[in-house]
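Data first, discussion second: the structure below is written as structure tokens.
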Amino acid sequence: MKKILFLVLTLLLLAAAVVAYIFYQRIFSPNVKLKDHKTFFYIRTGSDFNQVATELTDQHILINTESFKWLAERMNYTERVIPGRYEITDNMNNRQLLQLLRSGKQVPIKITFNNIRTKSDLASRISKQIEADSTQIAAMLSDSLLLKEEALNSDNVLCLFIPNTYEMYWNTSATDFFKRMKREYDNFWNTSRRQKAEQQGLTPVQVSILASIVQSETKQNAEKPRVAGVYLNRLRQNWKLEADPTLVFALGDFSIKRVLNEYKTIDSPYNTYKYFGLPPGPICLPDISSIDAVLNAESHQFMYFCAREDMSGFHSFAKDYNTHLLNARRYQAELNRRNIRN
């Protein structure tokens, strides 16, 4: 009898050991196998647990999907999926992985945007970096109620976005992205910059519009304050700006290398050869150097400028039309020599 009892107890202990081992394996044994040391796993807003498990399997992150599901149910993760971008490391066990996903502790991303010409350009660029798609971002950029709250409109909304590098979470919505950019805009337009804008007789939005023209005219940061000074001189003397880049924008053909006289007849509010004052919105997203160039524009008497014939990217400046005409003819001759016709 004692032998039978001992055998039964031994079998029960062995069974308990086996069960404990199975539980231990499911909880603490590595269940993540990666080609590299780490990877980023993205959970889209609205995803349920089954979608998460499927993605982890399809991306070959999990070794054993069933053990992950088993522990997820016991850790109540199946009902509390949190969207975001998570850093998963090789050899994580199910408990570690589930604790990470349950915690919602994402790794933020750094988003950047520059060299933007249009709202669709911005929507496309941002949608490649955060969860919101280009359609959602484009709709936000044209939301009249949202823009009205910020004293903006669909023409000048790009003035709100200051090209830089920003840290945020991947699952940022289009509206939250807009609100974040508004906070960055308010921080950028501090008291000092607003005072300088006022001294130039411009609002912050007008500064950005003019800065977009300056940036389109020259890539040479050292020259931007002088170019800005020319346009400010024209505005103050009630001249038309007659800025070639505004014609290119109005035409929508950014491959144009030579602005022809025939382009100057296009009927567009962005045609500064036809209409006085600033265009209704920026013709590109001006960077900080261009904005500060307008705020700190060079004070001079130049009214004209033309690209140098050496094609250096710099310009020749003139106070009178006759001098400007000579500069322009030299540049046009070089374009002809290079067979640049349009």
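Just so we're on the same page: first chain in the structure tokens is A, next is B, and so on; residues restart at 1 for each chain, and ligands are numbered from 1 in the order they show up.
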Subject >> Members of stretch 48-228 of chain A assigned strand (DSSP E) by DSSP, as number ranges by chain >> reply: A: 84-89, 109-112, 165-168
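With only C-alpha atoms taken into account, the protein and nucleic acid residues at most 6 Å from A:Ser134 (excluding it and anything under 4 positions from it in its own chain) are Ala123, Ser124, Ser127 and Ala138 of chain A.
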Could the residues in this selection be written to a file with N, CA and C atoms, as a JSON list (two decimals), in the first residue's frame?
[["chain", "number", "residue", "atom", "x", "y", "z"],
["A", 123, "ALA", "N", 1.16, 67.05, -46.94],
["A", 123, "ALA", "CA", 0.35, 65.90, -46.53],
["A", 123, "ALA", "C", 1.05, 64.59, -46.86],
["A", 124, "SER", "N", 1.65, 64.53, -48.04],
["A", 124, "SER", "CA", 2.36, 63.31, -48.46],
["A", 124, "SER", "C", 3.58, 63.06, -47.58],
["A", 127, "SER", "N", 2.52, 62.04, -43.93],
["A", 127, "SER", "CA", 1.86, 60.74, -43.86],
["A", 127, "SER", "C", 2.85, 59.58, -43.95],
["A", 138, "ALA", "N", -4.57, 66.20, -45.53],
["A", 138, "ALA", "CA", -5.03, 67.18, -46.51],
["A", 138, "ALA", "C", -6.38, 67.77, -46.10]]
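One finds atom CA of A:Pro83 at 7.5 Å from atom CA of A:Gly104.
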**OP:** Between A:Val207, A:Cys306, A:Leu101, A:Leu202, single out the one closest to A:Arg236, counting only C-alpha atoms.
**Re:** A:Leu202
Polymer residues at most 12 Å from A:Arg193, only C-alpha atoms, same-chain spacing of 6 or more positions, as a PDB file with N, CA and C atoms, in the first residue's frame:
ATOM      1  N   TYR A 185       4.558  76.807 -33.535  1.00  0.00           N
ATOM      2  CA  TYR A 185       4.444  78.102 -34.211  1.00  0.00           C
ATOM      3  C   TYR A 185       4.423  79.234 -33.180  1.00  0.00           C
ATOM      4  N   ASP A 186       3.624  79.049 -32.124  1.00  0.00           N
ATOM      5  CA  ASP A 186       3.529  80.075 -31.081  1.00  0.00           C
ATOM      6  C   ASP A 186       4.864  80.251 -30.362  1.00  0.00           C
ATOM      7  N   ASN A 187       5.574  79.153 -30.160  1.00  0.00           N
ATOM      8  CA  ASN A 187       6.895  79.251 -29.526  1.00  0.00           C
ATOM      9  C   ASN A 187       7.892  79.957 -30.435  1.00  0.00           C
ATOM     10  N   GLN A 199       7.944  95.932 -36.939  1.00  0.00           N
ATOM     11  CA  GLN A 199       8.835  96.996 -37.416  1.00  0.00           C
ATOM     12  C   GLN A 199       8.926  96.986 -38.945  1.00  0.00           C
ATOM     13  N   GLN A 200       8.758  95.832 -39.543  1.00  0.00           N
ATOM     14  CA  GLN A 200       8.770  95.737 -41.007  1.00  0.00           C
ATOM     15  C   GLN A 200       7.400  96.045 -41.597  1.00  0.00           C
ATOM     16  N   LEU A 202       4.717  94.139 -41.134  1.00  0.00           N
ATOM     17  CA  LEU A 202       4.141  92.874 -41.567  1.00  0.00           C
ATOM     18  C   LEU A 202       3.612  92.069 -40.396  1.00  0.00           C
ATOM     19  N   THR A 203       2.645  91.213 -40.664  1.00  0.00           N
ATOM     20  CA  THR A 203       2.205  90.233 -39.680  1.00  0.00           C
ATOM     21  C   THR A 203       3.088  88.994 -39.815  1.00  0.00           C
ATOM     22  N   PRO A 204       3.070  88.090 -38.829  1.00  0.00           N
ATOM     23  CA  PRO A 204       3.850  86.850 -38.974  1.00  0.00           C
ATOM     24  C   PRO A 204       3.501  86.072 -40.242  1.00  0.00           C
ATOM     25  N   VAL A 205       2.228  86.013 -40.604  1.00  0.00           N
ATOM     26  CA  VAL A 205       1.830  85.305 -41.825  1.00  0.00           C
ATOM     27  C   VAL A 205       2.416  85.989 -43.054  1.00  0.00           C
ATOM     28  N   VAL A 207       5.098  87.793 -43.150  1.00  0.00           N
ATOM     29  CA  VAL A 207       6.545  87.527 -43.143  1.00  0.00           C
ATOM     30  C   VAL A 207       6.830  86.182 -43.801  1.00  0.00           C
ATOM     31  N   SER A 208       6.038  85.160 -43.444  1.00  0.00           N
ATOM     32  CA  SER A 208       6.256  83.827 -44.010  1.00  0.00           C
ATOM     33  C   SER A 208       5.996  83.802 -45.511  1.00  0.00           C
ATOM     34  N   ILE A 288      13.622  78.517 -41.489  1.00  0.00           N
ATOM     35  CA  ILE A 288      13.859  79.539 -40.466  1.00  0.00           C
ATOM     36  C   ILE A 288      14.813  80.615 -40.969  1.00  0.00           C
ATOM     37  N   ILE A 291      12.792  83.102 -43.023  1.00  0.00           N
ATOM     38  CA  ILE A 291      11.921  83.934 -42.184  1.00  0.00           C
ATOM     39  C   ILE A 291      12.742  84.991 -41.452  1.00  0.00           C
ATOM     40  N   ASP A 292      13.858  84.550 -40.861  1.00  0.00           N
ATOM     41  CA  ASP A 292      14.706  85.501 -40.143  1.00  0.00           C
ATOM     42  C   ASP A 292      15.355  86.509 -41.091  1.00  0.00           C
ATOM     43  N   ALA A 293      15.542  86.130 -42.353  1.00  0.00           N
ATOM     44  CA  ALA A 293      16.097  87.069 -43.334  1.00  0.00           C
ATOM     45  C   ALA A 293      15.142  88.225 -43.573  1.00  0.00           C
ATOM     46  N   VAL A 294      13.841  87.941 -43.595  1.00  0.00           N
ATOM     47  CA  VAL A 294      12.847  89.005 -43.754  1.00  0.00           C
ATOM     48  C   VAL A 294      12.799  89.865 -42.494  1.00  0.00           C
ATOM     49  N   LEU A 295      12.836  89.219 -41.348  1.00  0.00           N
ATOM     50  CA  LEU A 295      12.776  89.960 -40.081  1.00  0.00           C
ATOM     51  C   LEU A 295      14.013  90.834 -39.884  1.00  0.00           C
ATOM     52  N   ASN A 296      15.123  90.395 -40.434  1.00  0.00           N
ATOM     53  CA  ASN A 296      16.383  91.130 -40.299  1.00  0.00           C
ATOM     54  C   ASN A 296      16.881  91.583 -41.673  1.00  0.00           C
TER      55      ASN A 296
END
